[in-house]
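Everything on this sheet refers to the single structure shown next.
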There are 2 protein chains.
Amino acid sequence: MSRWQPNARDRLERAAVELFIEQGFAETTVPQITARAGLTTRTFFRHFADKREVLFARDEELPAFVARLAADASASLSPMMLIAYALETVAATRLEGQRAYLRTRRAVIQADEGLRERELRKLSALSDAINQGFRDRGVDELTALLAAQLAVTVFSVTISRWLDQDEDGEQPLSDLVHDTLRALRSVTADPPEHPHSA
Amino acid sequence: MSRWQPNARDRLERAAVELFIEQGFAETTVPQITARAGLTTRTFFRHFADKREVLFARDEELPAFVARLAADASASLSPMMLIAYALETVAATRLEGQRAYLRTRRAVIQADEGLRERELRKLSALSDAINQGFRDRGVDELTALLAAQLAVTVFSVTISRWLDQDEDGEQPLSDLVHDTLRALRSVTADPPEHPHSA
């Protein structure tokens with residue numbers, strides 16, 4: 001067997017989530033994953049620290065990716081414009097075409113308490129990175145914090161709607177990004193005055 | 001010692017967070033907490049399942065409290081009006097006057113990875129309850145989901161700003177709620193069109 005395995009990482013990811021679904025995350029071992037993928041455990045550990053990392057390794061890069069986008073984007077972009085631009089970029093370069101895999105991955109995570117917590121921490125780290133990205137662009141503290149949390153909200157709501165769709169009625173992810181942003185504007189445009197303060 | 005201890009719950013909470021700060025959460029035992037509070041471990045376990053619950057017991061009721069607010073509020077309130085109303089109510093009835101305790105509690109949570117995860121899960125459960133509250137009021141699925149996440153964002157951002165303040169410059173929590181809602185409107189009112197799509 002040659003040392004270089006084409007698509008080893010993808011094959012390991014797909015084998016792992018198949019097994020997690022079939023027999024549960026806790027019950028699945030690394031040797032079972034590598035047997036299913038037709039690869040060695042040595043190859044596995046070149047790509048992932050442990051079986052949990054198979055589910056989260058791609059996301060590890062997301063905060064740094066988003067921070068780079070924020071640093072490189074035109075200074076004239078407002079926070080909401082930057083959020084829209086970043087979501088479109090992440091959707092086009094990292095998510096589009098991965099829907100079947102990401103649906104299965106989501107089912108695995110939802111079935112395990114520890115994985116759900118890890119997912120929440122991931123979103124919290126992403127929010128921190130976006131917050132810092134806005135601060136570095138000179139955005140004030142409160143706006144940066146709110147915009148970062150809005151970005152994560154729009155991101156997670158959009159992905160969850162995208163993954164919920166039937167195969168037939170599938171809308172492109174970029175359309176859903178704009179739908180969600182429109183809905184967000186419409187919710188928040190509504191006057192939030194206290195009913196008794198008028 | 002009489003069986004009825006006035007303010008036993010408050011005394012246990014305060015003793016616990018003092019000890020968590022002084023010597024760390026992991027190092028603190030229930031007998032140390034009860035000794036500091038001048039109460040028995042029996043009394044402790046009448047109020048809390050374990051030492052972690054001392055930090056989170058109040059929040060356990062929050063989803064149900066917010067769900068009741070949503071169910072009882074006038075049907076004419078829009079999602080943002082309901083969010084403002086609910087935040088004001090929670091601020092006035094559950095938070096105002098507790099700032100010193102809540103600051104110390106936050107420091108304890110931030111120092112411990114497991115407690116931070118628990119805090120994130122708590123916010124996630126709160127968001128789920130608010131989402132369901134909106135759905136029960138007939139709000140469409142996307143709006144309910146976004147509004148629930150916005151509510152949690154405004155809630156956590158406002159509390160974090162309130163706890164960050166110096167003792168002197170202290171603004172009432174209800175003012176900060178309105179500040180945050182105003183800032184949210186101003187961020188989202190900005191046209192979120194893609195810069196290249198015009």
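Lettering and numbering for the structure tokens are positional, with chains as A, B, ... in the shown order, residues counted from 1 in each chain, and ligands counted from 1 in the shown order.
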Practice prompt. Provide as a ChimeraX atom specification the residues of chain B at most 9 Å from chain A, counting only C-alpha atoms.
Written response: /B:77-85,88,116-118,120-121,124,142-143,145-147,149-150,153-154,157,161,178,180-195
Worksheet item: Mind checking DSSP for segment 13-127 of chain A and telling me the helix (DSSP H, G or I) residues as an NGL selection string?
Response: :A and (13-23 or 30-37 or 41-47 or 51-60 or 62-72 or 79-95 or 99-110 or 113-127)
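The coordinates place atom CA of Arg46 of chain A at 25.9 Å from atom CA of Ala107 of chain A.
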Discussion item. Which residues are close to Val66 of chain B, i.e. within 8 Å by only C-alpha atoms, leaving aside same-chain residues fewer than 2 positions away? Reply as a list in words.
Written reply: Leu62, Pro63, Ala64, Arg68, Leu69, Ala70, Ala86, Ala129 and Ile130 of chain B
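All residues of protein, DNA or RNA that reach within 12 Å of Arg103 of chain A, judged by only C-alpha atoms and not counting those fewer than 2 positions away in the chain, are Arg14, Val17, Glu18, Ile21, Leu55, Leu95, Gly97, Gln98, Arg99, Ala100, Tyr101, Arg105, Arg106, Ala107, Val108, Ile109, Gln110, Ile159, Ser160, Arg161, Trp162, Leu163, Asp164, Gln165, Asp166 and Glu167 of chain A.
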Generate the output file for the selected residues, C-alpha atoms, as a PDB file, in the first residue's frame.
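Written out: again_3.pdb:
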ATOM      1  CA  ARG A  14     -17.423   9.398   5.250  1.00  0.00           C
ATOM      2  CA  VAL A  17     -20.100   9.208   9.957  1.00  0.00           C
ATOM      3  CA  GLU A  18     -21.559   6.053   8.368  1.00  0.00           C
ATOM      4  CA  ILE A  21     -25.025   6.539  12.364  1.00  0.00           C
ATOM      5  CA  LEU A  55     -16.545  15.632  12.939  1.00  0.00           C
ATOM      6  CA  LEU A  95     -20.409  24.091   2.156  1.00  0.00           C
ATOM      7  CA  GLY A  97     -21.938  20.378  -2.582  1.00  0.00           C
ATOM      8  CA  GLN A  98     -21.471  18.884   0.919  1.00  0.00           C
ATOM      9  CA  ARG A  99     -25.138  18.754   1.858  1.00  0.00           C
ATOM     10  CA  ALA A 100     -25.559  14.958   2.159  1.00  0.00           C
ATOM     11  CA  TYR A 101     -22.434  14.620   4.289  1.00  0.00           C
ATOM     12  CA  ARG A 105     -22.935  14.744  10.420  1.00  0.00           C
ATOM     13  CA  ARG A 106     -25.696  16.809  12.014  1.00  0.00           C
ATOM     14  CA  ALA A 107     -27.694  13.676  12.872  1.00  0.00           C
ATOM     15  CA  VAL A 108     -24.617  12.191  14.584  1.00  0.00           C
ATOM     16  CA  ILE A 109     -24.056  15.359  16.629  1.00  0.00           C
ATOM     17  CA  GLN A 110     -27.698  15.692  17.648  1.00  0.00           C
ATOM     18  CA  ILE A 159     -27.441  25.967   7.481  1.00  0.00           C
ATOM     19  CA  SER A 160     -30.123  24.308   9.536  1.00  0.00           C
ATOM     20  CA  ARG A 161     -32.802  25.346   6.997  1.00  0.00           C
ATOM     21  CA  TRP A 162     -30.608  24.166   4.130  1.00  0.00           C
ATOM     22  CA  LEU A 163     -30.077  20.765   5.761  1.00  0.00           C
ATOM     23  CA  ASP A 164     -33.806  20.447   6.588  1.00  0.00           C
ATOM     24  CA  GLN A 165     -34.865  20.661   2.934  1.00  0.00           C
ATOM     25  CA  ASP A 166     -36.068  17.678   0.913  1.00  0.00           C
ATOM     26  CA  GLU A 167     -33.817  16.577  -1.915  1.00  0.00           C
TER      27      GLU A 167
END
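The protein and nucleic acid residues lying at most 10 Å from Thr40 of chain A are Met1, Arg3, Ala8, Val30, Pro31, Ile33, Thr34, Ala35, Ala37, Thr43, Phe44 and Phe45 of chain A, with only C-alpha atoms considered and sequence neighbours fewer than 3 positions away removed.
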Could you save those same residues with C-alpha atoms as a PDB file, in the first residue's frame?
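New file again.pdb:
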ATOM      1  CA  MET A   1       0.000   0.000   0.000  1.00  0.00           C
ATOM      2  CA  ARG A   3       1.933   5.986   1.709  1.00  0.00           C
ATOM      3  CA  ALA A   8      -7.817   9.739   2.521  1.00  0.00           C
ATOM      4  CA  VAL A  30     -10.802   4.140  15.110  1.00  0.00           C
ATOM      5  CA  PRO A  31      -9.843   0.642  13.773  1.00  0.00           C
ATOM      6  CA  ILE A  33     -13.335   3.496  10.806  1.00  0.00           C
ATOM      7  CA  THR A  34     -10.057   2.703   9.047  1.00  0.00           C
ATOM      8  CA  ALA A  35     -11.264  -0.811   8.129  1.00  0.00           C
ATOM      9  CA  ALA A  37     -12.316   3.293   4.694  1.00  0.00           C
ATOM     10  CA  THR A  43      -3.148   7.261   8.113  1.00  0.00           C
ATOM     11  CA  PHE A  44      -6.061   8.081  10.385  1.00  0.00           C
ATOM     12  CA  PHE A  45      -3.786   9.657  12.989  1.00  0.00           C
TER      13      PHE A  45
END
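Candidate residues B:Ala111, B:Val90, B:Ala71, B:Leu102 were compared for distance to Arg135 of chain B, and the nearest is B:Ala71, using only C-alpha atoms.
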